[in-house]
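Enquirer: File entry29.cif below, mmCIF, C-alpha atoms:
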data_query
loop_
_atom_site.label_atom_id
_atom_site.label_comp_id
_atom_site.auth_asym_id
_atom_site.auth_seq_id
_atom_site.Cartn_x
_atom_site.Cartn_y
_atom_site.Cartn_z
CA MET A 1 -46.53 80.83 -55.04
CA SER A 2 -46.92 77.56 -56.96
CA LEU A 3 -45.45 76.36 -60.27
CA GLY A 4 -48.00 73.95 -61.71
CA SER A 5 -47.98 71.88 -58.59
CA SER A 6 -50.24 71.50 -55.62
CA TYR A 7 -47.25 71.87 -53.30
CA HIS A 8 -45.97 75.37 -52.40
CA VAL A 9 -42.40 76.32 -53.31
CA GLY A 10 -40.11 76.08 -50.35
CA ARG A 11 -41.95 73.22 -48.80
CA SER A 12 -40.72 69.70 -49.11
CA ALA A 13 -43.11 67.26 -50.70
CA PRO A 14 -44.39 64.70 -48.24
CA GLY A 15 -42.62 61.37 -48.54
CA PRO A 16 -44.21 57.99 -48.32
CA GLN A 17 -45.94 57.52 -45.03
CA PRO A 18 -45.37 54.32 -43.04
CA ALA A 19 -48.22 51.89 -43.42
CA GLY A 20 -50.45 51.52 -40.41
CA PRO A 21 -50.90 48.17 -38.74
CA LEU A 22 -53.26 45.90 -40.65
CA PRO A 23 -56.11 44.27 -38.79
CA GLN A 24 -55.35 40.71 -37.90
CA VAL A 25 -57.15 38.25 -40.15
CA ARG A 26 -56.74 34.56 -39.78
CA ALA A 27 -56.14 32.63 -42.95
CA ALA A 28 -58.86 30.39 -44.25
CA THR A 29 -58.36 26.72 -43.56
CA PRO A 30 -58.31 24.47 -46.66
CA LEU A 31 -61.43 22.33 -46.54
CA GLY A 32 -60.11 19.25 -48.35
CA LEU A 33 -58.24 17.72 -45.41
CA PRO A 34 -61.08 17.98 -42.85
CA LEU A 35 -63.47 16.48 -45.40
CA LEU A 36 -61.11 13.59 -46.11
CA GLY A 37 -60.77 13.03 -42.38
CA ALA A 38 -64.56 13.01 -41.98
CA ALA A 39 -64.91 10.57 -44.89
CA LEU A 40 -62.31 8.27 -43.35
CA GLY A 41 -64.03 8.43 -39.97
CA HIS A 42 -67.43 7.53 -41.42
CA LEU A 43 -65.92 4.69 -43.44
CA VAL A 44 -64.21 3.31 -40.33
CA VAL A 45 -67.48 3.41 -38.39
CA LEU A 46 -69.25 1.82 -41.37
CA GLY A 47 -66.71 -1.00 -41.36
CA LEU A 48 -67.04 -1.53 -37.62
CA ILE A 49 -70.84 -1.70 -37.84
CA CYS A 50 -70.53 -4.16 -40.69
CA VAL A 51 -68.16 -6.40 -38.74
CA VAL A 52 -70.14 -6.26 -35.49
CA PHE A 53 -73.69 -6.61 -36.82
CA VAL A 54 -73.03 -8.92 -39.77
CA ARG A 55 -70.17 -11.14 -38.59
CA THR A 56 -70.61 -11.47 -34.81
CA TYR A 57 -73.17 -13.18 -32.60
CA PRO A 58 -73.88 -10.14 -30.32
CA GLY A 59 -74.48 -7.89 -33.32
CA GLN A 60 -76.92 -10.26 -35.00
CA TRP A 61 -78.65 -10.84 -31.68
CA LEU A 62 -79.08 -7.08 -31.13
CA ASP A 63 -80.52 -6.60 -34.60
CA GLY A 64 -83.00 -9.37 -33.88
CA LEU A 65 -83.86 -7.89 -30.50
CA LEU A 66 -84.67 -4.48 -32.01
CA LEU A 67 -86.59 -5.84 -35.00
CA PRO A 68 -87.80 -9.36 -34.25
CA ARG A 69 -89.17 -11.48 -37.05
CA ALA A 70 -92.92 -11.41 -37.30
CA GLU A 71 -94.74 -14.61 -36.46
CA ARG A 72 -96.75 -14.65 -39.68
CA GLY A 73 -94.70 -15.63 -42.69
CA GLY A 74 -91.42 -15.62 -40.80
CA GLY A 75 -90.44 -12.22 -42.26
CA TYR A 76 -89.25 -9.05 -40.57
CA GLU A 77 -92.37 -7.05 -41.36
CA GLN A 78 -93.49 -5.48 -38.10
CA GLN A 79 -96.98 -5.99 -36.72
CA THR A 80 -98.20 -2.40 -36.82
CA VAL A 81 -100.66 -0.21 -38.67
CA LEU A 82 -97.67 1.69 -40.05
CA VAL A 83 -96.74 -1.12 -42.44
CA GLY A 84 -99.06 0.16 -45.17
CA PRO A 85 -97.82 3.79 -45.05
CA SER A 86 -94.23 2.54 -44.88
CA LYS A 87 -94.62 0.50 -48.04
CA THR A 88 -96.26 3.46 -49.74
CA VAL A 89 -93.30 5.70 -48.84
CA LEU A 90 -90.80 3.14 -50.10
CA ALA A 91 -92.71 2.54 -53.34
CA ALA A 92 -92.87 6.28 -54.01
CA PHE A 93 -89.21 6.90 -53.28
CA GLY A 94 -88.19 3.85 -55.29
CA SER A 95 -89.98 5.10 -58.40
CA PRO A 96 -87.47 5.64 -61.25
CA VAL A 97 -89.53 8.62 -62.43
CA LEU A 98 -89.33 10.38 -59.06
CA LEU A 99 -85.63 9.62 -58.75
CA ALA A 100 -84.99 11.03 -62.23
CA VAL A 101 -86.95 14.18 -61.35
CA LEU A 102 -84.98 14.69 -58.14
CA LEU A 103 -81.64 14.16 -59.88
CA GLY A 104 -82.74 16.59 -62.58
CA ALA A 105 -83.59 19.10 -59.87
CA VAL A 106 -80.05 18.75 -58.48
CA LEU A 107 -78.60 19.45 -61.91
CA LEU A 108 -80.97 22.37 -62.56
CA VAL A 109 -80.23 24.03 -59.20
CA GLY A 110 -76.52 23.59 -59.88
CA LEU A 111 -76.84 25.14 -63.33
CA LEU A 112 -78.83 28.14 -62.11
CA GLY A 113 -76.40 28.73 -59.23
CA ARG A 114 -73.25 28.39 -61.37
CA ARG A 115 -72.52 25.08 -59.62
CA LEU A 116 -72.93 22.79 -62.61
CA LEU A 117 -69.84 20.74 -61.77
CA ALA A 118 -71.11 20.27 -58.22
CA GLY A 119 -74.46 19.12 -59.63
CA VAL A 120 -72.79 16.53 -61.87
CA VAL A 121 -70.70 15.32 -58.92
CA GLY A 122 -73.85 15.12 -56.78
CA ILE A 123 -75.64 12.95 -59.34
CA GLY A 124 -72.60 10.69 -59.55
CA MET A 125 -72.59 10.49 -55.75
CA VAL A 126 -76.20 9.22 -55.66
CA LEU A 127 -75.60 6.63 -58.38
CA THR A 128 -72.40 5.49 -56.65
CA ALA A 129 -74.28 5.03 -53.37
CA VAL A 130 -76.83 2.76 -55.07
CA VAL A 131 -74.16 0.72 -56.88
CA VAL A 132 -71.90 0.32 -53.84
CA ALA A 133 -74.78 -0.67 -51.54
CA GLY A 134 -75.96 -3.29 -54.02
CA ALA A 135 -72.45 -4.67 -54.52
CA VAL A 136 -71.76 -4.95 -50.79
CA LYS A 137 -75.07 -6.71 -50.15
CA SER A 138 -74.42 -9.26 -52.88
CA MET A 139 -70.76 -9.92 -52.01
CA LEU A 140 -70.67 -9.75 -48.21
CA PRO A 141 -71.36 -13.11 -46.48
CA ARG A 142 -73.46 -13.20 -43.34
CA SER A 143 -72.43 -15.69 -40.71
CA ASP A 144 -74.93 -18.26 -39.48
CA PHE A 145 -74.86 -18.38 -35.66
CA GLN A 146 -78.16 -20.27 -35.37
CA ILE A 147 -79.74 -17.25 -33.68
CA GLU A 148 -83.48 -17.45 -33.20
CA SER A 149 -85.36 -14.89 -35.35
CA SER A 150 -82.32 -14.38 -37.57
CA THR A 151 -81.48 -15.42 -41.14
CA THR A 152 -78.29 -15.67 -43.17
CA HIS A 153 -79.65 -13.31 -45.82
CA ASN A 154 -77.44 -10.22 -45.94
CA SER A 155 -79.15 -6.87 -46.41
CA PHE A 156 -76.32 -4.57 -45.25
CA PRO A 157 -76.35 -1.68 -46.11
CA SER A 158 -79.72 -0.33 -47.18
CA GLY A 159 -79.66 0.96 -50.74
CA HIS A 160 -82.81 3.06 -50.18
CA VAL A 161 -81.32 4.82 -47.17
CA ALA A 162 -77.93 5.31 -48.87
CA ALA A 163 -79.63 6.83 -51.93
CA ALA A 164 -81.83 9.09 -49.80
CA THR A 165 -78.84 10.33 -47.78
CA ALA A 166 -76.73 10.91 -50.89
CA LEU A 167 -79.61 12.70 -52.62
CA LEU A 168 -80.09 15.08 -49.70
CA LEU A 169 -76.37 15.83 -49.54
CA ALA A 170 -76.22 16.28 -53.33
CA PHE A 171 -78.48 19.29 -52.85
CA MET A 172 -76.00 20.54 -50.23
CA LEU A 173 -73.37 20.71 -52.97
CA VAL A 174 -75.46 22.92 -55.27
CA LEU A 175 -77.18 25.17 -52.72
CA PRO A 176 -75.69 28.30 -51.14
CA GLY A 177 -74.74 28.16 -47.49
CA TRP A 178 -77.82 29.91 -46.12
CA ALA A 179 -80.15 27.46 -47.90
CA ARG A 180 -78.21 24.40 -46.73
CA ARG A 181 -78.82 25.25 -43.09
CA TRP A 182 -82.58 25.37 -43.56
CA LEU A 183 -82.74 22.18 -45.63
CA ALA A 184 -80.42 20.07 -43.46
CA VAL A 185 -82.82 19.30 -40.60
CA PRO A 186 -86.01 18.72 -42.69
CA GLY A 187 -83.95 16.68 -45.14
CA ALA A 188 -82.48 14.56 -42.34
CA VAL A 189 -86.01 13.98 -41.07
CA GLY A 190 -87.00 12.80 -44.54
CA VAL A 191 -84.06 10.37 -44.62
CA SER A 192 -85.07 9.15 -41.17
CA VAL A 193 -88.62 8.50 -42.40
CA ILE A 194 -87.27 6.35 -45.23
CA ALA A 195 -84.93 4.51 -42.84
CA SER A 196 -87.81 3.87 -40.45
CA ALA A 197 -90.03 2.69 -43.31
CA THR A 198 -87.45 0.11 -44.40
CA MET A 199 -87.37 -1.30 -40.87
CA ILE A 200 -91.14 -1.28 -40.32
CA ALA A 201 -91.80 -2.90 -43.70
CA GLY A 202 -89.27 -5.59 -42.89
CA TRP A 203 -86.92 -4.74 -45.74
CA HIS A 204 -83.90 -3.99 -43.57
CA ARG A 205 -82.51 -4.38 -40.09
CA PHE A 206 -81.41 -1.48 -37.86
CA SER A 207 -77.75 -1.91 -38.80
CA ASP A 208 -78.67 -1.81 -42.51
CA ALA A 209 -80.37 1.57 -42.16
CA LEU A 210 -77.48 3.00 -40.17
CA GLY A 211 -74.98 1.64 -42.70
CA GLY A 212 -76.86 3.34 -45.53
CA VAL A 213 -76.63 6.71 -43.78
CA LEU A 214 -72.90 6.32 -43.12
CA LEU A 215 -72.25 5.29 -46.72
CA GLY A 216 -74.08 8.34 -48.10
CA VAL A 217 -72.31 10.73 -45.72
CA ALA A 218 -68.88 9.26 -46.52
CA LEU A 219 -69.49 9.65 -50.27
CA PHE A 220 -70.55 13.26 -49.70
CA CYS A 221 -67.34 14.04 -47.83
CA LEU A 222 -65.28 12.50 -50.64
CA ALA A 223 -67.23 14.42 -53.30
CA ALA A 224 -66.90 17.73 -51.45
CA ALA A 225 -63.18 17.12 -50.93
CA ALA A 226 -62.79 16.42 -54.65
CA LEU A 227 -64.54 19.70 -55.50
CA ALA A 228 -62.31 21.54 -53.03
CA GLY A 229 -59.22 19.97 -54.61
CA TRP A 230 -60.45 20.84 -58.11
CA ARG A 231 -60.53 24.52 -57.13
CA ARG A 232 -57.28 24.62 -55.17
CA ASP A 233 -55.64 26.85 -57.78
CA ASP A 234 -58.60 29.24 -57.92
CA PRO A 235 -58.03 32.38 -55.82
CA GLY A 236 -61.68 32.25 -54.81
CA GLY A 237 -61.59 28.52 -54.24
CA VAL A 238 -63.33 26.49 -51.62
CA THR A 239 -62.04 27.07 -48.12
CA GLY A 240 -63.13 26.18 -44.67
CA PRO A 241 -64.43 28.54 -42.00
CA ARG A 242 -62.34 31.59 -41.19
CA GLY A 243 -61.28 32.20 -37.65
CA GLY A 244 -62.46 35.81 -37.55
CA GLN A 245 -66.19 35.29 -37.70
CA ASP A 246 -68.19 38.16 -36.30
CA SER A 247 -70.66 37.93 -33.45
CA GLY A 248 -73.58 38.29 -35.88
CA THR A 249 -72.73 34.97 -37.50
CA LEU A 250 -72.49 33.33 -34.09
CA TRP A 251 -75.86 34.67 -32.97
CA ARG A 252 -77.48 33.64 -36.25
CA GLY A 253 -76.14 30.11 -35.79
CA LEU A 254 -77.43 30.00 -32.21
CA ILE A 255 -80.88 31.19 -33.29
CA GLU A 256 -81.07 28.63 -36.08
CA GLY A 257 -79.94 25.90 -33.69
CA ALA A 258 -82.59 26.95 -31.16
CA VAL A 259 -85.31 26.85 -33.83
CA GLY A 260 -84.18 23.38 -34.90
CA LEU A 261 -84.17 22.19 -31.28
CA VAL A 262 -87.71 23.50 -30.70
CA VAL A 263 -88.95 21.75 -33.83
CA LEU A 264 -87.24 18.51 -32.79
CA VAL A 265 -88.73 18.62 -29.29
CA TRP A 266 -92.16 19.35 -30.74
CA ALA A 267 -91.85 16.41 -33.11
CA LEU A 268 -90.85 14.09 -30.27
CA LEU A 269 -93.79 15.23 -28.14
CA VAL A 270 -96.30 14.90 -30.98
CA VAL A 271 -94.99 11.90 -32.93
CA GLY A 272 -93.43 9.97 -30.04
CA PRO A 273 -96.65 8.97 -28.24
CA GLY A 274 -98.21 7.84 -31.52
CA LEU A 275 -95.20 5.67 -32.35
CA ASP A 276 -95.09 4.25 -28.85
CA ALA A 277 -98.70 3.13 -29.20
CA SER A 278 -98.25 1.75 -32.72
CA VAL A 279 -95.02 -0.24 -32.67
CA GLN A 280 -93.23 -2.61 -30.35
CA ARG A 281 -90.67 -1.28 -27.91
CA GLY A 282 -87.68 -2.65 -29.83
CA THR A 283 -88.90 -1.11 -33.09
CA LEU A 284 -89.43 2.21 -31.35
CA VAL A 285 -85.85 2.14 -29.99
CA ALA A 286 -84.55 1.32 -33.48
CA ILE A 287 -86.52 4.20 -35.05
CA VAL A 288 -85.43 6.75 -32.44
CA ALA A 289 -81.78 5.64 -32.60
CA ALA A 290 -81.71 5.68 -36.41
CA THR A 291 -83.33 9.13 -36.47
CA GLY A 292 -80.91 10.58 -33.92
CA LEU A 293 -77.81 9.17 -35.62
CA THR A 294 -79.04 10.31 -39.04
CA MET A 295 -79.60 13.85 -37.77
CA LEU A 296 -76.18 13.88 -36.11
CA SER A 297 -74.30 12.66 -39.19
CA VAL A 298 -76.06 14.91 -41.70
CA VAL A 299 -76.00 18.08 -39.60
CA SER A 300 -72.33 17.56 -38.65
CA VAL A 301 -71.09 17.38 -42.25
CA VAL A 302 -73.33 20.27 -43.31
CA PHE A 303 -71.82 22.29 -40.46
CA LEU A 304 -68.36 21.32 -41.69
CA VAL A 305 -69.01 22.90 -45.11
CA ARG A 306 -71.08 25.78 -43.73
CA SER A 307 -68.86 28.51 -45.20
CA ALA A 308 -67.83 26.68 -48.38
CA ASP A 309 -69.29 27.61 -51.74
CA PHE A 310 -68.87 25.19 -54.60
CA VAL A 311 -69.45 27.78 -57.32
CA GLY A 312 -67.47 26.98 -60.46
CA PRO A 313 -64.25 28.95 -61.06
CA MET A 314 -64.91 32.35 -62.61
CA HIS A 315 -61.45 33.12 -64.00
CA SER A 316 -62.59 36.38 -65.56
CA ARG A 317 -63.32 37.69 -62.08
CA HIS A 318 -59.73 37.10 -61.01
CA ARG A 319 -57.87 38.58 -63.96
CA ALA A 320 -55.43 41.25 -62.96
CA GLN A 321 -56.86 44.67 -63.68
CA PRO A 322 -54.56 47.63 -64.47
CA GLU A 323 -54.29 49.91 -61.50
CA PRO A 324 -55.76 53.35 -62.11
CA ALA A 325 -53.46 56.26 -62.68
CA VAL A 326 -53.63 58.99 -60.07
CA ASN A 327 -53.09 62.53 -61.21
CA ILE A 328 -51.06 64.58 -58.73
CA ARG A 329 -51.66 67.87 -60.61
CA ASP A 330 -48.04 68.50 -61.62
CA GLY A 331 -48.27 66.98 -65.07
CA GLY A 332 -47.09 63.51 -63.98
CA THR A 333 -48.88 60.38 -62.95
CA ALA A 334 -48.40 57.82 -60.27
CA GLN A 335 -49.68 54.29 -60.07
CA GLY A 336 -52.03 53.84 -57.11
#
Here is the file; what I need is its structure written in the form of structure tokens.
Expert:
Amino acid sequence: MSLGSSYHVGRSAPGPQPAGPLPQVRAATPLGLPLLGAALGHLVVLGLICVVFVRTYPGQWLDGLLLPRAERGGGYEQQTVLVGPSKTVLAAFGSPVLLAVLLGAVLLVGLLGRRLLAGVVGIGMVLTAVVVAGAVKSMLPRSDFQIESSTTHNSFPSGHVAAATALLLAFMLVLPGWARRWLAVPGAVGVSVIASATMIAGWHRFSDALGGVLLGVALFCLAAAALAGWRRDDPGGVTGPRGGQDSGTLWRGLIEGAVGLVVLVWALLVVGPGLDASVQRGTLVAIVAATGLTMLSVVSVVFLVRSADFVGPMHSRHRAQPEPAVNIRDGGTAQG
């Protein structure tokens, strides 16, 4: 017999049951501090390279050993058939029209992906890289150690390389995580091509190209940390990688890394012999070293933000919703 209730008379209604153990989930690590640490590390290395290669005899000597001054004209333009293509690459990338189009693409991708703030920050990052590189070159004195095949003209760091690095990483701010992984390696190769072109054309020394990469990466880390701090009060804010990643994510990362390694080995086997036959040994060492360090710096910071999403705060998504009423069939209600 029942009296308007789903529970039979004479039976006690079940009380609240003890909650079962919740699965262990590690809390997400705030991303701001690791990014600030990475920015500081890159700035320290940038400063060390500046001191060693600009202000010391061994550093200037090593720059001259890698990229000796050409006999004709006394400039640093290398004696190779790649000078013409290098100048073409630099002229194309230095075009204000192309730069405006690329910056507009950053803003458009950010707008379409609800990352407009990240797009604005990315554009500011590129412009800051150009301004800072130009200011350092004009203000930093270069010591005269009377080294053969060296001049007192300071070209540290390379503005072209800094702008190219910052532009690539600006896209990393406005793209989702899965797209960043596939753009990181080809983009780093593109930056390496520009860095190599500046050295072959005689515009910059090896240390200048490396300094441009470090400057762009450091600015990216600062920009990403600022975006993470901006969203610190957002429940869906930017966080670092969670400790409980499943095996599928691990295997996907290993597969992507293997694909990138195969492509890199293929490029070395195909491009390497051609470079070896076209440039001097010191220039080849400078190109390979600049390419490897560029790939390492770019891929490392992209890996650092691999699980971060710089989507703008969507406060409407986080408003508290009233919990639905649950009818227990006895005329009353209970909040679920």
Enquirer: Compare A:Gly312, A:Gly282, A:Gly94, A:Pro157 by their minimum atom-to-atom distance to Arg115 in chain A, counting all atoms listed in the file, and give me the closest one.
Expert: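 That would be A:Gly312, the residue with the smallest distance to Arg115 in chain A.
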Enquirer: Please report the interatomic distance between CA of Gly190 in chain A and CA of Ala209 in chain A in Å with one decimal.
Expert: 13.3 Å
Enquirer: Between A:Leu222, A:Leu43, A:Ala163, A:Leu35, which one has atoms that come closest to Ile194 in chain A, using all atoms listed in the file?
Expert: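 Closest residue, counting all atoms listed in the file: A:Ala163.
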Enquirer: Residues around (-75.2, 3.9, -48.1), cut-off 10 Å, counting all atoms listed in the file - what are they as a JSON list (two decimals) with C-alpha atoms, keeping the file's coordinate frame?
Expert:
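The result, stored in point01.json:
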[["chain", "number", "residue", "atom", "x", "y", "z"],
["A", 46, "LEU", "CA", -69.25, 1.82, -41.37],
["A", 126, "VAL", "CA", -76.20, 9.22, -55.66],
["A", 128, "THR", "CA", -72.40, 5.49, -56.65],
["A", 129, "ALA", "CA", -74.28, 5.03, -53.37],
["A", 130, "VAL", "CA", -76.83, 2.76, -55.07],
["A", 131, "VAL", "CA", -74.16, 0.72, -56.88],
["A", 132, "VAL", "CA", -71.90, 0.32, -53.84],
["A", 133, "ALA", "CA", -74.78, -0.67, -51.54],
["A", 134, "GLY", "CA", -75.96, -3.29, -54.02],
["A", 136, "VAL", "CA", -71.76, -4.95, -50.79],
["A", 156, "PHE", "CA", -76.32, -4.57, -45.25],
["A", 157, "PRO", "CA", -76.35, -1.68, -46.11],
["A", 158, "SER", "CA", -79.72, -0.33, -47.18],
["A", 159, "GLY", "CA", -79.66, 0.96, -50.74],
["A", 160, "HIS", "CA", -82.81, 3.06, -50.18],
["A", 161, "VAL", "CA", -81.32, 4.82, -47.17],
["A", 162, "ALA", "CA", -77.93, 5.31, -48.87],
["A", 163, "ALA", "CA", -79.63, 6.83, -51.93],
["A", 164, "ALA", "CA", -81.83, 9.09, -49.80],
["A", 165, "THR", "CA", -78.84, 10.33, -47.78],
["A", 166, "ALA", "CA", -76.73, 10.91, -50.89],
["A", 208, "ASP", "CA", -78.67, -1.81, -42.51],
["A", 209, "ALA", "CA", -80.37, 1.57, -42.16],
["A", 210, "LEU", "CA", -77.48, 3.00, -40.17],
["A", 211, "GLY", "CA", -74.98, 1.64, -42.70],
["A", 212, "GLY", "CA", -76.86, 3.34, -45.53],
["A", 213, "VAL", "CA", -76.63, 6.71, -43.78],
["A", 214, "LEU", "CA", -72.90, 6.32, -43.12],
["A", 215, "LEU", "CA", -72.25, 5.29, -46.72],
["A", 216, "GLY", "CA", -74.08, 8.34, -48.10],
["A", 217, "VAL", "CA", -72.31, 10.73, -45.72],
["A", 218, "ALA", "CA", -68.88, 9.26, -46.52],
["A", 219, "LEU", "CA", -69.49, 9.65, -50.27]]
Enquirer: Which residues match the PyMOL selection byres ((chain A and resi 285) around 12) in the file above, as a list of chain:residue names?
Expert: A:Leu62, A:Asp63, A:Leu65, A:Leu66, A:Leu67, A:Ser196, A:Met199, A:Phe206, A:Gly272, A:Leu275, A:Asp276, A:Val279, A:Gln280, A:Arg281, A:Gly282, A:Thr283, A:Leu284, A:Ala286, A:Ile287, A:Val288, A:Ala289, A:Ala290, A:Thr291, A:Gly292
Enquirer: To one decimal in Å, tell me the separation between CA of Thr152 in chain A and CA of Val44 in chain A.
Expert: 23.8 Å
Enquirer: Using all atoms listed in the file, can you tell me which of A:Ala258, A:Met125, A:Val89, A:Leu48 comes closest to Ala226 in chain A?
Expert: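 Using all atoms listed in the file, Ala226 in chain A sits closest to A:Met125.
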Enquirer: Identify which of the residues A:Ala195, A:Ala223, A:Leu107, A:Leu40 lies closest to Phe171 in chain A, counting all atoms listed in the file when measuring atom-to-atom distances.
Expert: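 Comparing A:Ala195, A:Ala223, A:Leu107, A:Leu40 against Phe171 in chain A, the winner is A:Leu107.
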Enquirer: Which of these, A:Val301, A:Ile255, A:Ile200, A:Leu98, has the shortest distance to Gly41 in chain A once you count only C-alpha atoms?
Expert: A:Val301
Enquirer: Interatomic distance between CA of Val54 in chain A and CA of Ser155 in chain A?
Expert: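 Answer for the CA of Val54 in chain A to CA of Ser155 in chain A separation: 9.3 Å.
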Enquirer: Point out the residue among A:Leu82, A:Ala224, A:Ile49, A:Ala100 with the least atom-to-atom distance to Ala118 in chain A, counting only C-alpha atoms.
Expert: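 Among the listed residues, A:Ala224 lies closest to Ala118 in chain A.
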Enquirer: List, as number ranges by chain, every residue that the PyMOL selection byres ((chain A and resi 116) around 10) selects in the file provided.
Expert: A: 106-115, 117-122, 173-174, 310-312
Enquirer: Given the selection you just returned, output its residues as a file containing C-alpha atoms, formatted as a PDB file, keeping the file's coordinate frame.
Expert:
ATOM      1  CA  VAL A 106     -80.050  18.750 -58.480  1.00  0.00           C
ATOM      2  CA  LEU A 107     -78.600  19.450 -61.910  1.00  0.00           C
ATOM      3  CA  LEU A 108     -80.970  22.370 -62.560  1.00  0.00           C
ATOM      4  CA  VAL A 109     -80.230  24.030 -59.200  1.00  0.00           C
ATOM      5  CA  GLY A 110     -76.520  23.590 -59.880  1.00  0.00           C
ATOM      6  CA  LEU A 111     -76.840  25.140 -63.330  1.00  0.00           C
ATOM      7  CA  LEU A 112     -78.830  28.140 -62.110  1.00  0.00           C
ATOM      8  CA  GLY A 113     -76.400  28.730 -59.230  1.00  0.00           C
ATOM      9  CA  ARG A 114     -73.250  28.390 -61.370  1.00  0.00           C
ATOM     10  CA  ARG A 115     -72.520  25.080 -59.620  1.00  0.00           C
ATOM     11  CA  LEU A 117     -69.840  20.740 -61.770  1.00  0.00           C
ATOM     12  CA  ALA A 118     -71.110  20.270 -58.220  1.00  0.00           C
ATOM     13  CA  GLY A 119     -74.460  19.120 -59.630  1.00  0.00           C
ATOM     14  CA  VAL A 120     -72.790  16.530 -61.870  1.00  0.00           C
ATOM     15  CA  VAL A 121     -70.700  15.320 -58.920  1.00  0.00           C
ATOM     16  CA  GLY A 122     -73.850  15.120 -56.780  1.00  0.00           C
ATOM     17  CA  LEU A 173     -73.370  20.710 -52.970  1.00  0.00           C
ATOM     18  CA  VAL A 174     -75.460  22.920 -55.270  1.00  0.00           C
ATOM     19  CA  PHE A 310     -68.870  25.190 -54.600  1.00  0.00           C
ATOM     20  CA  VAL A 311     -69.450  27.780 -57.320  1.00  0.00           C
ATOM     21  CA  GLY A 312     -67.470  26.980 -60.460  1.00  0.00           C
TER      22      GLY A 312
END
Enquirer: What would range 141-156 of chain A look like with N, CA and C atoms restored, written as a PDB file, in the coordinates of the input?
Expert:
ATOM      1  N   PRO A 141     -70.690 -11.959 -47.107  1.00  0.00           N
ATOM      2  CA  PRO A 141     -71.360 -13.110 -46.480  1.00  0.00           C
ATOM      3  C   PRO A 141     -71.832 -12.775 -45.075  1.00  0.00           C
ATOM      4  N   ARG A 142     -72.919 -13.395 -44.689  1.00  0.00           N
ATOM      5  CA  ARG A 142     -73.460 -13.200 -43.340  1.00  0.00           C
ATOM      6  C   ARG A 142     -73.353 -14.514 -42.588  1.00  0.00           C
ATOM      7  N   SER A 143     -72.668 -14.474 -41.474  1.00  0.00           N
ATOM      8  CA  SER A 143     -72.430 -15.690 -40.710  1.00  0.00           C
ATOM      9  C   SER A 143     -73.725 -16.261 -40.145  1.00  0.00           C
ATOM     10  N   ASP A 144     -73.768 -17.571 -40.044  1.00  0.00           N
ATOM     11  CA  ASP A 144     -74.930 -18.260 -39.480  1.00  0.00           C
ATOM     12  C   ASP A 144     -74.579 -18.742 -38.071  1.00  0.00           C
ATOM     13  N   PHE A 145     -75.121 -18.035 -37.057  1.00  0.00           N
ATOM     14  CA  PHE A 145     -74.860 -18.380 -35.660  1.00  0.00           C
ATOM     15  C   PHE A 145     -76.043 -19.118 -35.030  1.00  0.00           C
ATOM     16  N   GLN A 146     -76.982 -19.558 -35.861  1.00  0.00           N
ATOM     17  CA  GLN A 146     -78.160 -20.270 -35.370  1.00  0.00           C
ATOM     18  C   GLN A 146     -78.910 -19.445 -34.318  1.00  0.00           C
ATOM     19  N   ILE A 147     -79.029 -18.138 -34.599  1.00  0.00           N
ATOM     20  CA  ILE A 147     -79.740 -17.250 -33.680  1.00  0.00           C
ATOM     21  C   ILE A 147     -81.228 -17.289 -34.017  1.00  0.00           C
ATOM     22  N   GLU A 148     -82.033 -17.443 -32.989  1.00  0.00           N
ATOM     23  CA  GLU A 148     -83.480 -17.450 -33.200  1.00  0.00           C
ATOM     24  C   GLU A 148     -83.918 -16.089 -33.742  1.00  0.00           C
ATOM     25  N   SER A 149     -84.841 -16.094 -34.663  1.00  0.00           N
ATOM     26  CA  SER A 149     -85.360 -14.890 -35.350  1.00  0.00           C
ATOM     27  C   SER A 149     -84.279 -14.195 -36.155  1.00  0.00           C
ATOM     28  N   SER A 150     -83.332 -14.960 -36.706  1.00  0.00           N
ATOM     29  CA  SER A 150     -82.320 -14.380 -37.570  1.00  0.00           C
ATOM     30  C   SER A 150     -82.152 -15.261 -38.810  1.00  0.00           C
ATOM     31  N   THR A 151     -81.720 -14.669 -39.920  1.00  0.00           N
ATOM     32  CA  THR A 151     -81.480 -15.420 -41.140  1.00  0.00           C
ATOM     33  C   THR A 151     -80.079 -15.104 -41.634  1.00  0.00           C
ATOM     34  N   THR A 152     -79.618 -15.891 -42.591  1.00  0.00           N
ATOM     35  CA  THR A 152     -78.290 -15.670 -43.170  1.00  0.00           C
ATOM     36  C   THR A 152     -78.348 -14.745 -44.375  1.00  0.00           C
ATOM     37  N   HIS A 153     -79.542 -14.228 -44.689  1.00  0.00           N
ATOM     38  CA  HIS A 153     -79.650 -13.310 -45.820  1.00  0.00           C
ATOM     39  C   HIS A 153     -79.044 -11.955 -45.451  1.00  0.00           C
ATOM     40  N   ASN A 154     -78.083 -11.499 -46.241  1.00  0.00           N
ATOM     41  CA  ASN A 154     -77.440 -10.220 -45.940  1.00  0.00           C
ATOM     42  C   ASN A 154     -78.182  -9.078 -46.620  1.00  0.00           C
ATOM     43  N   SER A 155     -78.484  -8.053 -45.870  1.00  0.00           N
ATOM     44  CA  SER A 155     -79.150  -6.870 -46.410  1.00  0.00           C
ATOM     45  C   SER A 155     -78.406  -5.593 -46.024  1.00  0.00           C
ATOM     46  N   PHE A 156     -77.134  -5.726 -45.683  1.00  0.00           N
ATOM     47  CA  PHE A 156     -76.320  -4.570 -45.250  1.00  0.00           C
ATOM     48  C   PHE A 156     -75.487  -4.081 -46.436  1.00  0.00           C
TER      49      PHE A 156
END
